[in-house]
Amino acid sequence: MPIHPSAVLAEKAHLALRTLDDLFETRGVTQADRAALLPARLALKRVRDRHRAALGLSAPVEEVPHAAPL
C-alpha cells in the first residue's frame with residue numbers, strides 16, 4: 001500500500017523542525033540568529049500541521065498549548 005503524500009510531507013517537515021530546534025539550542029547561537037531562523041521554524045510547523053490535519057491527525061502533544069499557571 002503506498003504511503004499518502006501528506007504523511008511523507010508531515011514527517012519530513014517534522015524531522016526538519018527537530019533539526020532546526022537542535023540548531024536553536026546549539027552553543028554560540030545568538031538571539032539574532034534565533035530571530036532570523038524563527039520564520040523558517042514557524043513555516044515548518046504550519047506545513048507539518050496542515051499535512052497532519054489532511055490525514056485526520058491532531059497537533060502533536062508537545063505542541064498543544066496549555067493554560068497559563070495561576
# chains A, B, ... in the order shown; residues from 1 in each chain; ligands from 1
>>> residues_around(residues="range 12-16 of chain A", least_positions_apart="2", cutoff="7 Å", atoms="only C-alpha atoms", output="list in words")
Val8, Leu9, Ala10, Arg18, Thr19, Leu20, Leu44, Val47 and Arg48 of chain A
>>> select_by_dssp(residues="chain A", states="alpha helix (DSSP H)", output="mmCIF file with N, CA and C atoms, in the first residue's frame")
data_model
loop_
_atom_site.group_PDB
_atom_site.id
_atom_site.type_symbol
_atom_site.label_atom_id
_atom_site.label_comp_id
_atom_site.auth_asym_id
_atom_site.auth_seq_id
_atom_site.Cartn_x
_atom_site.Cartn_y
_atom_site.Cartn_z
ATOM 1 N N PRO A 5 0.968 11.036 0.287
ATOM 2 C CA PRO A 5 1.930 12.142 0.176
ATOM 3 C C PRO A 5 1.935 13.068 1.397
ATOM 4 N N SER A 6 0.779 13.290 2.011
ATOM 5 C CA SER A 6 0.747 14.150 3.193
ATOM 6 C C SER A 6 1.492 13.520 4.370
ATOM 7 N N ALA A 7 1.498 12.200 4.444
ATOM 8 C CA ALA A 7 2.248 11.523 5.511
ATOM 9 C C ALA A 7 3.737 11.751 5.328
ATOM 10 N N VAL A 8 4.189 11.678 4.091
ATOM 11 C CA VAL A 8 5.609 11.897 3.795
ATOM 12 C C VAL A 8 5.987 13.351 4.098
ATOM 13 N N LEU A 9 5.177 14.289 3.643
ATOM 14 C CA LEU A 9 5.460 15.706 3.866
ATOM 15 C C LEU A 9 5.418 16.070 5.346
ATOM 16 N N ALA A 10 4.446 15.544 6.067
ATOM 17 C CA ALA A 10 4.353 15.831 7.504
ATOM 18 C C ALA A 10 5.583 15.292 8.230
ATOM 19 N N GLU A 11 6.017 14.090 7.885
ATOM 20 C CA GLU A 11 7.181 13.505 8.541
ATOM 21 C C GLU A 11 8.460 14.277 8.208
ATOM 22 N N LYS A 12 8.644 14.646 6.945
ATOM 23 C CA LYS A 12 9.840 15.404 6.561
ATOM 24 C C LYS A 12 9.863 16.780 7.218
ATOM 25 N N ALA A 13 8.716 17.438 7.281
ATOM 26 C CA ALA A 13 8.645 18.743 7.941
ATOM 27 C C ALA A 13 8.947 18.594 9.430
ATOM 28 N N HIS A 14 8.453 17.516 10.039
ATOM 29 C CA HIS A 14 8.714 17.280 11.464
ATOM 30 C C HIS A 14 10.204 17.039 11.708
ATOM 31 N N LEU A 15 10.843 16.255 10.860
ATOM 32 C CA LEU A 15 12.278 15.997 11.007
ATOM 33 C C LEU A 15 13.090 17.284 10.828
ATOM 34 N N ALA A 16 12.708 18.086 9.837
ATOM 35 C CA ALA A 16 13.403 19.360 9.619
ATOM 36 C C ALA A 16 13.206 20.287 10.815
ATOM 37 N N LEU A 17 12.017 20.266 11.392
ATOM 38 C CA LEU A 17 11.729 21.089 12.567
ATOM 39 C C LEU A 17 12.582 20.659 13.752
ATOM 40 N N ARG A 18 12.723 19.357 13.963
ATOM 41 C CA ARG A 18 13.565 18.859 15.060
ATOM 42 C C ARG A 18 15.025 19.282 14.845
ATOM 43 N N THR A 19 15.500 19.217 13.604
ATOM 44 C CA THR A 19 16.859 19.647 13.287
ATOM 45 C C THR A 19 17.022 21.136 13.571
ATOM 46 N N LEU A 20 16.036 21.921 13.177
ATOM 47 C CA LEU A 20 16.074 23.356 13.428
ATOM 48 C C LEU A 20 16.018 23.648 14.924
ATOM 49 N N ASP A 21 15.224 22.891 15.658
ATOM 50 C CA ASP A 21 15.178 23.058 17.120
ATOM 51 C C ASP A 21 16.541 22.755 17.736
ATOM 52 N N ASP A 22 17.233 21.732 17.219
ATOM 53 C CA ASP A 22 18.585 21.431 17.701
ATOM 54 C C ASP A 22 19.526 22.598 17.426
ATOM 55 N N LEU A 23 19.378 23.206 16.257
ATOM 56 C CA LEU A 23 20.208 24.360 15.905
ATOM 57 C C LEU A 23 19.948 25.516 16.871
ATOM 58 N N PHE A 24 18.675 25.729 17.234
ATOM 59 C CA PHE A 24 18.320 26.781 18.186
ATOM 60 C C PHE A 24 19.068 26.598 19.505
ATOM 61 N N GLN A 31 20.710 35.466 19.961
ATOM 62 C CA GLN A 31 19.305 35.862 19.823
ATOM 63 C C GLN A 31 19.022 36.331 18.402
ATOM 64 N N ALA A 32 19.984 37.017 17.795
ATOM 65 C CA ALA A 32 19.804 37.473 16.408
ATOM 66 C C ALA A 32 19.694 36.284 15.463
ATOM 67 N N ASP A 33 20.485 35.240 15.712
ATOM 68 C CA ASP A 33 20.391 34.017 14.897
ATOM 69 C C ASP A 33 19.019 33.388 15.044
ATOM 70 N N ARG A 34 18.552 33.287 16.290
ATOM 71 C CA ARG A 34 17.236 32.684 16.549
ATOM 72 C C ARG A 34 16.126 33.503 15.879
ATOM 73 N N ALA A 35 16.240 34.819 15.959
ATOM 74 C CA ALA A 35 15.233 35.681 15.328
ATOM 75 C C ALA A 35 15.220 35.488 13.818
ATOM 76 N N ALA A 36 16.390 35.300 13.227
ATOM 77 C CA ALA A 36 16.470 35.095 11.778
ATOM 78 C C ALA A 36 15.906 33.730 11.376
ATOM 79 N N LEU A 37 16.032 32.728 12.245
ATOM 80 C CA LEU A 37 15.553 31.381 11.951
ATOM 81 C C LEU A 37 14.079 31.182 12.286
ATOM 82 N N LEU A 38 13.516 32.060 13.077
ATOM 83 C CA LEU A 38 12.138 31.900 13.529
ATOM 84 C C LEU A 38 11.116 31.755 12.397
ATOM 85 N N PRO A 39 11.177 32.556 11.324
ATOM 86 C CA PRO A 39 10.193 32.371 10.243
ATOM 87 C C PRO A 39 10.248 30.958 9.632
ATOM 88 N N ALA A 40 11.439 30.401 9.509
ATOM 89 C CA ALA A 40 11.555 29.040 8.970
ATOM 90 C C ALA A 40 10.918 28.033 9.924
ATOM 91 N N ARG A 41 11.129 28.233 11.215
ATOM 92 C CA ARG A 41 10.547 27.335 12.224
ATOM 93 C C ARG A 41 9.026 27.379 12.176
ATOM 94 N N LEU A 42 8.470 28.574 12.095
ATOM 95 C CA LEU A 42 7.020 28.719 12.033
ATOM 96 C C LEU A 42 6.454 28.129 10.741
ATOM 97 N N ALA A 43 7.157 28.314 9.631
ATOM 98 C CA ALA A 43 6.709 27.757 8.345
ATOM 99 C C ALA A 43 6.708 26.232 8.383
ATOM 100 N N LEU A 44 7.741 25.640 8.958
ATOM 101 C CA LEU A 44 7.786 24.180 9.068
ATOM 102 C C LEU A 44 6.644 23.654 9.928
ATOM 103 N N LYS A 45 6.328 24.349 11.000
ATOM 104 C CA LYS A 45 5.210 23.936 11.852
ATOM 105 C C LYS A 45 3.893 23.995 11.073
ATOM 106 N N ARG A 46 3.707 25.070 10.296
ATOM 107 C CA ARG A 46 2.471 25.199 9.516
ATOM 108 C C ARG A 46 2.345 24.077 8.493
ATOM 109 N N VAL A 47 3.433 23.771 7.785
ATOM 110 C CA VAL A 47 3.408 22.695 6.781
ATOM 111 C C VAL A 47 3.110 21.361 7.460
ATOM 112 N N ARG A 48 3.828 21.078 8.542
ATOM 113 C CA ARG A 48 3.618 19.816 9.257
ATOM 114 C C ARG A 48 2.167 19.699 9.716
ATOM 115 N N ASP A 49 1.657 20.740 10.366
ATOM 116 C CA ASP A 49 0.306 20.682 10.920
ATOM 117 C C ASP A 49 -0.758 20.603 9.830
ATOM 118 N N ARG A 50 -0.551 21.310 8.718
ATOM 119 C CA ARG A 50 -1.512 21.258 7.608
ATOM 120 C C ARG A 50 -1.605 19.840 7.045
ATOM 121 N N HIS A 51 -0.465 19.176 6.871
ATOM 122 C CA HIS A 51 -0.486 17.823 6.309
ATOM 123 C C HIS A 51 -0.930 16.787 7.335
ATOM 124 N N ARG A 52 -0.666 17.032 8.613
ATOM 125 C CA ARG A 52 -1.211 16.150 9.655
ATOM 126 C C ARG A 52 -2.740 16.271 9.675
ATOM 127 N N ALA A 53 -3.247 17.488 9.531
ATOM 128 C CA ALA A 53 -4.701 17.690 9.506
ATOM 129 C C ALA A 53 -5.323 17.006 8.294
ATOM 130 N N ALA A 54 -4.619 17.021 7.158
ATOM 131 C CA ALA A 54 -5.122 16.358 5.951
ATOM 132 C C ALA A 54 -5.255 14.852 6.171
#
